[in-house]
Amino acid sequence: MARSHHRKKHKTHVRQFRQSHDTSVSPTKGKGRATSVFTISGAVLGFAIGYFATPGSMLWLVIGLLAGGAAGYLIGKRVESQNEE
């Protein structure tokens with residue numbers, strides 16, 4: 001099917017289309033992404049360290065999971081605050 005927005009005579013339509021869509025995009029679209037990625041990664045890493053450092057003790061697995069998640073959350077917040085500046 002023909003794509004009319006690529007034709008030369010429809011350049012005004014393309015400009016109007018871009019302006020209407022550029023203003024509707026919110027600037028906070030990706031906010032919170034780094035925090036969640038680092039939190040999950042830290043929790044998995046903490047769980048893995050707890051698993052390999054102990055013979056599979058459930059207490060140390062939970063402690064490693066929580067400590068890794070907390071550390072990942074703090075790192076993610078710091079990364080986000082540096083990106084905002």
# chains A, B, ... in the order shown; residues from 1 in each chain; ligands from 1
>>> residues_around(residues="range 67-79 of chain A", least_positions_apart="4", cutoff="10 Å", atoms="only C-alpha atoms", output="PyMOL selection string")
chain A and resi 32-50+61-63+83-84
